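Chemist: I am attaching a structure below and will ask some questions about it afterwards.
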Amino acid sequence: MVLAYLVKKFPRLSETFVLNEVLGQQSLGTPLHVFARRAPDNEPRQPQFAALAAPVELVPPAAQIDLWQDLFGPDGAALLPRVQGVVEEFRPLGHARLPSLVAEALWLRRRAAELGIHHVHVHFATEAAVTAMLLQALGGPTFSVTAHAKDIYRSTVNVPLLSAIVERSAFTVTVCDANVRHMADLLGPRAAARIRRLYNGVDLELFRPAREARRGRHVLCVGRLVEKKGLDVLIDAFALLARRGVPFTATLIGDGEERSRIHDRVEAAGLGDRVELAGALDSAEVRRRMGEAELLCLPCKIGEDGNRDALPTVLLEALASGLPCISTPVTGIPEILDHGRAGTLVPVNDVEATARAMERVMADPRLRAEQAAAGRARAEQFFDARASARTLHGWFESVRAREEAPAA
């Protein structure tokens with residue numbers, strides 16, 4: 001089968017899991033095509049992007065799509081009534097940009113036919129998923145979706161639209177059991193029947209325990225500088241350690257809308273000589289820094305709009321790297337850290353508990369060794385990208401087999 005990925009932007013530094021998944025399908029011999037709805041950001045690219053053989057094609061903005069070519073072309077007489085039916089069906093779901101997304105779907109319908117695409121997979125149940133749903137309704141390929149976090153937890157989620165996406169998908173993947181439960185409660189039994197859990201995976205050959213000695217009492221944090229990462233809690237915990245005379249240094253890797261506020265918080269706490277704001281770095285440099293650090297701390301929280309992390313990739317990478325982790329029991333994080341057995345869980349927004357946990361892990365080499373071993377074993381059991389790729393590949397093939405099966 002020819003498989004297409006439809007995403008907002010590709011590649012994205014903060015969405016390594018999408019690139020890893022595409023490369024996983026490529027490694028299994030699946031013919032691939034990637035459609036991006038927007039141009040990529042001006043940011044570092046992951047080194048593994050160079051291994052991608054599939055073409056990446058930019059979907060034109062709706063205003064630049066020549067609808068006459070589709071609506072008044074050879075099959076326009078049959079297509080026009082179908083477009084009318086799609087608009088009438090989906091307009092009540094209340095998406096403000098429905099006309100633009102219909103235009104994108106018509107363009108994709110033509111390209112999918114030209115390229116022989118059988119199935120489209122989407123990451124995030126947002127506009128790209130709506131477009132894939134419209135594409136199928138217009139006679140295009142089947143589609144599936146991977147739901148993550150912002151697309152299912154935010155207070156702004158359009159529940160009827162999300163339910164329509166899931167119910168019309170060939171299947172909907174989500175990345176942790178906590179998400180499965182949330183989506184089932186939110187959407188009801190018809191949609192729940194379509195939902196499958198598949199953990200994101202990491203390359204266990206790339207992310208391996210360090211052989212060199214680690215940098216003593218050095219804390220690493222990796223993530224976008226946004227509210228849900230809990231970096232305000234982390235910096236306040238660093239300040240508490242400093243006031244108590246606990247020796248440490250730290251590196252924060254990432255960029256985002258909170259960068260200036262994080263910088264100001266570091267300076268106000270007098271931590272400029274201890275805490276490095278390293279900015280956005282590619283995965284090779286993140287991997288190197290993981291090999292140096294003594295522990296990773298990511299005190300995730302729930303944002304004011306309900307947004308949260310579901311399965312932070314950096315925690316999976318840290319487990320595979322034998323790097324002890326401290327985080328919080330938000331969404332799928334207890335599933336990563338085995339409810340505290342392969343890492344340390346602290347309450348959300350608890351500065352004191354976060355500081356105590358860092359101090360304890362830094363002071364206890366036996367605990368670090370135990371968590372490093374347990375973390376690596378858990379990564380091998382549950383978060384192997386190759387195993388995840390094979391599972392997803394099987395699901396894609398099952399969809400194709402159903403489509404090709406003769407009618408009863």
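We name chains A, B, ... following the order of the structure tokens; residues begin at 1 in each chain, and ligands are numbered from 1 as shown.
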Check range 172-380 of chain A with DSSP on the backbone and list each residue it calls helix (DSSP H, G or I), as a VMD selection string.

Modeler: chain A and resid 177 to 187 189 to 192 227 to 229 231 to 243 259 to 268 283 to 292 313 to 320 333 to 336 338 to 340 351 to 363 365 to 380

Chemist: Pro160 in chain A: which residues within 12 Å, counting only C-alpha atoms, same-chain residues fewer than 5 positions away excluded, as a PyMOL selection string?

Modeler: chain A and resi 90-95+130+152+165-167+186-188+191

Chemist: Find the spatial neighbours of Ala132 in chain A, counting only C-alpha atoms, within a cut-off of 7 Å - ignore same-chain residues fewer than 4 positions away - and output them as a PDB file with N, CA and C atoms, in the first residue's frame.

Modeler:
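Writing done, so here's out-v6.pdb:
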```
ATOM      1  N   ALA A 105      -9.030  19.497   1.042  1.00  0.00           N
ATOM      2  CA  ALA A 105      -9.405  18.099   0.818  1.00  0.00           C
ATOM      3  C   ALA A 105      -9.580  17.800  -0.671  1.00  0.00           C
ATOM      4  N   ALA A 128      -5.756  19.048  10.509  1.00  0.00           N
ATOM      5  CA  ALA A 128      -5.304  18.035   9.554  1.00  0.00           C
ATOM      6  C   ALA A 128      -6.228  16.818   9.583  1.00  0.00           C
ATOM      7  N   GLN A 136     -11.807  11.729   2.844  1.00  0.00           N
ATOM      8  CA  GLN A 136     -12.468  10.432   2.702  1.00  0.00           C
ATOM      9  C   GLN A 136     -13.925  10.601   2.270  1.00  0.00           C
ATOM     10  N   PHE A 143      -8.590   6.947   6.284  1.00  0.00           N
ATOM     11  CA  PHE A 143      -7.661   7.695   7.128  1.00  0.00           C
ATOM     12  C   PHE A 143      -7.669   7.137   8.544  1.00  0.00           C
TER      13      PHE A 143
END
```

Chemist: Do you know which residues are at most 9 Å from range 363-380 of chain A counting only C-alpha atoms, after dropping those on the same chain fewer than 5 positions away, and could you put them as a list in words?

Modeler: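 Near range 363-380 of chain A, the qualifying residues are Gly201, Val202, Leu204, Arg208, Pro209, Arg217, Glu294, Leu295, Leu316, Glu317, Ala318, Leu319, Ala320, Ser321, Gly322, Leu323, Pro324, Cys325, Ile336, Leu337, Asp338, Arg341, Ala342, Gly343, Thr344 and Met358 of chain A.
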
Chemist: Store the residues picked out above in a file with C-alpha atoms, as a compact mmCIF listing (two decimals), in the first residue's frame.

Modeler:
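Contents of result_35.txt, freshly written:
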```txt
# COMPACT_ATOMS: atom_id res chain seq x y z
CA GLY A 201 8.84 4.57 20.76
CA VAL A 202 12.46 5.68 20.71
CA LEU A 204 17.08 2.07 21.55
CA ARG A 208 21.76 3.97 25.32
CA PRO A 209 23.25 4.27 28.82
CA ARG A 217 25.05 16.81 40.61
CA GLU A 294 23.08 12.81 36.59
CA LEU A 295 19.29 13.11 36.47
CA LEU A 316 11.28 7.83 27.04
CA GLU A 317 14.69 8.91 25.76
CA ALA A 318 15.96 9.38 29.32
CA LEU A 319 14.80 5.90 30.33
CA ALA A 320 16.55 4.39 27.32
CA SER A 321 19.68 6.40 28.22
CA GLY A 322 19.77 5.09 31.78
CA LEU A 323 19.15 8.59 33.12
CA PRO A 324 17.11 8.71 36.35
CA CYS A 325 13.94 10.79 35.96
CA ILE A 336 6.39 5.71 31.61
CA LEU A 337 7.90 5.68 35.10
CA ASP A 338 5.95 2.58 36.18
CA ARG A 341 9.38 2.27 40.15
CA ALA A 342 11.45 3.32 37.10
CA GLY A 343 11.77 6.92 38.23
CA THR A 344 10.48 9.33 40.86
CA MET A 358 16.34 16.09 43.25
```

Chemist: Counting only C-alpha atoms, what is within 8 Å of Val222 in chain A, bar same-chain residues fewer than 6 positions away, as JSON, numbers by chain?

Modeler: {"A": [252, 253, 254, 286, 298, 314]}

Chemist: Can I get the selection written as a PDB file, in the first residue's frame, with C-alpha atoms?

Modeler:
```
ATOM      1  CA  LEU A 252      17.427  23.616  30.345  1.00  0.00           C
ATOM      2  CA  ILE A 253      17.169  22.647  26.666  1.00  0.00           C
ATOM      3  CA  GLY A 254      14.326  24.047  24.597  1.00  0.00           C
ATOM      4  CA  VAL A 286      20.275  16.191  23.490  1.00  0.00           C
ATOM      5  CA  LEU A 298      10.441  17.497  34.141  1.00  0.00           C
ATOM      6  CA  VAL A 314      12.155  13.132  26.525  1.00  0.00           C
TER       7      VAL A 314
END
```

Chemist: Just checking: using only C-alpha atoms, which residue out of A:Met183, A:Val120, A:Leu135, A:Ala210 ends up closest to Arg287 in chain A?

Modeler: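 Among the listed residues, A:Ala210 lies closest to Arg287 in chain A.
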
Chemist: Go through A:Ala405, A:Phe382, A:Phe396, A:Glu205 and flag the residue nearest Ser169 in chain A, using only C-alpha atoms for the distances.

Modeler: A:Phe396

Chemist: Within 7 Å of range 302-305 of chain A, counting only C-alpha atoms, which residues show up once you throw out same-chain ones fewer than 6 positions away? Write them as a VMD selection string, please.

Modeler: chain A and resid 154 to 155 227 to 228

Chemist: Write a file of the just-selected residues containing C-alpha atoms, as a PDB file, in the first residue's frame.

Modeler:
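In the end it all went to out-v1.pdb:
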```pdb
ATOM      1  CA  ARG A 154      -7.882  21.568  25.976  1.00  0.00           C
ATOM      2  CA  SER A 155     -11.046  23.309  27.120  1.00  0.00           C
ATOM      3  CA  GLU A 227       3.314  26.357  30.770  1.00  0.00           C
ATOM      4  CA  LYS A 228       2.581  22.626  30.843  1.00  0.00           C
TER       5      LYS A 228
END
```

Chemist: If we count only C-alpha atoms and set the cut-off at 9 Å, which residues sit around Leu79 in chain A, ignoring sequence neighbours fewer than 4 positions away in its own chain? Please answer as a VMD selection string.

Modeler: chain A and resid 70 to 72 75 83 to 84 138 to 139

Chemist: Please produce an output containing N, CA and C atoms for each residue in the selection, written as a compact mmCIF listing (two decimals), in the first residue's frame.

Modeler:
```
# COMPACT_ATOMS: atom_id res chain seq x y z
N ASP A 70 -11.03 20.89 -10.17
CA ASP A 70 -11.66 19.71 -9.62
C ASP A 70 -13.16 19.70 -9.85
N LEU A 71 -13.81 20.82 -9.54
CA LEU A 71 -15.27 20.85 -9.59
C LEU A 71 -15.83 20.84 -11.00
N PHE A 72 -15.02 21.31 -11.95
CA PHE A 72 -15.51 21.36 -13.33
C PHE A 72 -14.62 20.56 -14.28
N ASP A 75 -14.59 14.62 -13.74
CA ASP A 75 -15.57 13.99 -12.86
C ASP A 75 -16.34 15.01 -12.04
N VAL A 83 -19.71 17.21 -2.91
CA VAL A 83 -19.23 18.36 -2.14
C VAL A 83 -20.39 19.00 -1.39
N GLN A 84 -21.51 19.15 -2.06
CA GLN A 84 -22.68 19.74 -1.41
C GLN A 84 -23.11 18.89 -0.21
N LEU A 138 -15.15 12.80 0.50
CA LEU A 138 -15.20 13.21 -0.90
C LEU A 138 -14.76 12.10 -1.85
N GLY A 139 -14.57 10.92 -1.32
CA GLY A 139 -14.22 9.77 -2.16
C GLY A 139 -12.74 9.47 -2.17
```

Chemist: Taking only C-alpha atoms into account, name the residue in A:Phe49, A:His121, A:Leu80, A:Pro99 that is nearest to Ala4 in chain A.

Modeler: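 Ranked by minimum distance to Ala4 in chain A, first place goes to A:His121.
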
Chemist: Would you mind telling me which residue in A:Met290, A:Leu32, A:Leu240, A:Val7 lies nearest to Leu58 in chain A when using only C-alpha atoms?

Modeler: A:Val7

Chemist: Using only C-alpha atoms, find each residue in range 96-128 of chain A having at least one atom no more than 12 Å away from range 12-18 of chain A; report its shortest atom-to-atom pair and that distance in Å (one decimal), rows by chain then rising number, as a tab-separated table.

Modeler:
```
residue	atom	partner	partner_atom	distance
A:His121	CA	A:Val18	CA	10.8
A:Val122	CA	A:Val18	CA	9.6
A:His123	CA	A:Val18	CA	7.4
A:Phe124	CA	A:Val18	CA	10.3
```

Chemist: Which of range 179-234 of chain A end up as strand (DSSP E or B) when DSSP is run on this backbone - answer as a list in words?

Modeler: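 Selecting the strand (DSSP E or B) positions of range 179-234 of chain A gives Ile195, Arg196, Arg197, Val202, His218, Val219, Leu220, Cys221 and Val222 of chain A.
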
Chemist: Pull N, CA and C atoms from the residues just selected and write them as a JSON list (two decimals), in the first residue's frame.

Modeler:
```json
[["chain", "number", "residue", "atom", "x", "y", "z"],
["A", 195, "ILE", "N", -10.72, 3.33, 19.24],
["A", 195, "ILE", "CA", -9.50, 3.85, 19.86],
["A", 195, "ILE", "C", -8.58, 2.70, 20.26],
["A", 196, "ARG", "N", -7.30, 2.86, 19.93],
["A", 196, "ARG", "CA", -6.27, 1.88, 20.29],
["A", 196, "ARG", "C", -5.10, 2.61, 20.94],
["A", 197, "ARG", "N", -4.53, 1.97, 21.93],
["A", 197, "ARG", "CA", -3.34, 2.57, 22.56],
["A", 197, "ARG", "C", -2.07, 2.01, 21.93],
["A", 202, "VAL", "N", 11.19, 5.00, 20.98],
["A", 202, "VAL", "CA", 12.46, 5.68, 20.71],
["A", 202, "VAL", "C", 13.45, 4.66, 20.16],
["A", 218, "HIS", "N", 24.50, 17.22, 38.29],
["A", 218, "HIS", "CA", 24.03, 18.05, 37.17],
["A", 218, "HIS", "C", 22.64, 17.58, 36.75],
["A", 219, "VAL", "N", 21.69, 18.51, 36.73],
["A", 219, "VAL", "CA", 20.29, 18.22, 36.41],
["A", 219, "VAL", "C", 19.99, 18.70, 34.99],
["A", 220, "LEU", "N", 19.32, 17.87, 34.23],
["A", 220, "LEU", "CA", 18.94, 18.22, 32.87],
["A", 220, "LEU", "C", 17.42, 18.32, 32.78],
["A", 221, "CYS", "N", 16.94, 19.29, 31.99],
["A", 221, "CYS", "CA", 15.52, 19.39, 31.66],
["A", 221, "CYS", "C", 15.42, 19.68, 30.17],
["A", 222, "VAL", "N", 14.58, 18.95, 29.47],
["A", 222, "VAL", "CA", 14.42, 19.11, 28.03],
["A", 222, "VAL", "C", 12.93, 19.25, 27.72]]
```

Chemist: Have a look at CA of Ser100 in chain A and CA of Phe171 in chain A and let me know their distance in Å, one decimal.

Modeler: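 According to the coordinates, CA of Ser100 in chain A and CA of Phe171 in chain A are separated by 25.0 Å.
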
Chemist: Compare A:Glu104, A:Asp350, A:Asp177, A:Glu57 by their minimum atom-to-atom distance to Cys300 in chain A, counting only C-alpha atoms, and give me the closest one.

Modeler: A:Asp350

Chemist: How many Å separate CA of Pro189 in chain A from CA of Lys8 in chain A?

Modeler: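 For CA of Pro189 in chain A relative to CA of Lys8 in chain A, the distance reads 28.8 Å.
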
Chemist: Figure out the distance between CA of Arg274 in chain A and CA of Gly245 in chain A, please, to one decimal in Å.

Modeler: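 CA of Arg274 in chain A lies 12.6 Å from CA of Gly245 in chain A.
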
Chemist: Give the answer as one residue: which of A:Asn307, A:Asn20, A:Thr172, A:Thr131 has the shortest atom-to-atom distance to Leu101 in chain A, using only C-alpha atoms?

Modeler: A:Thr131
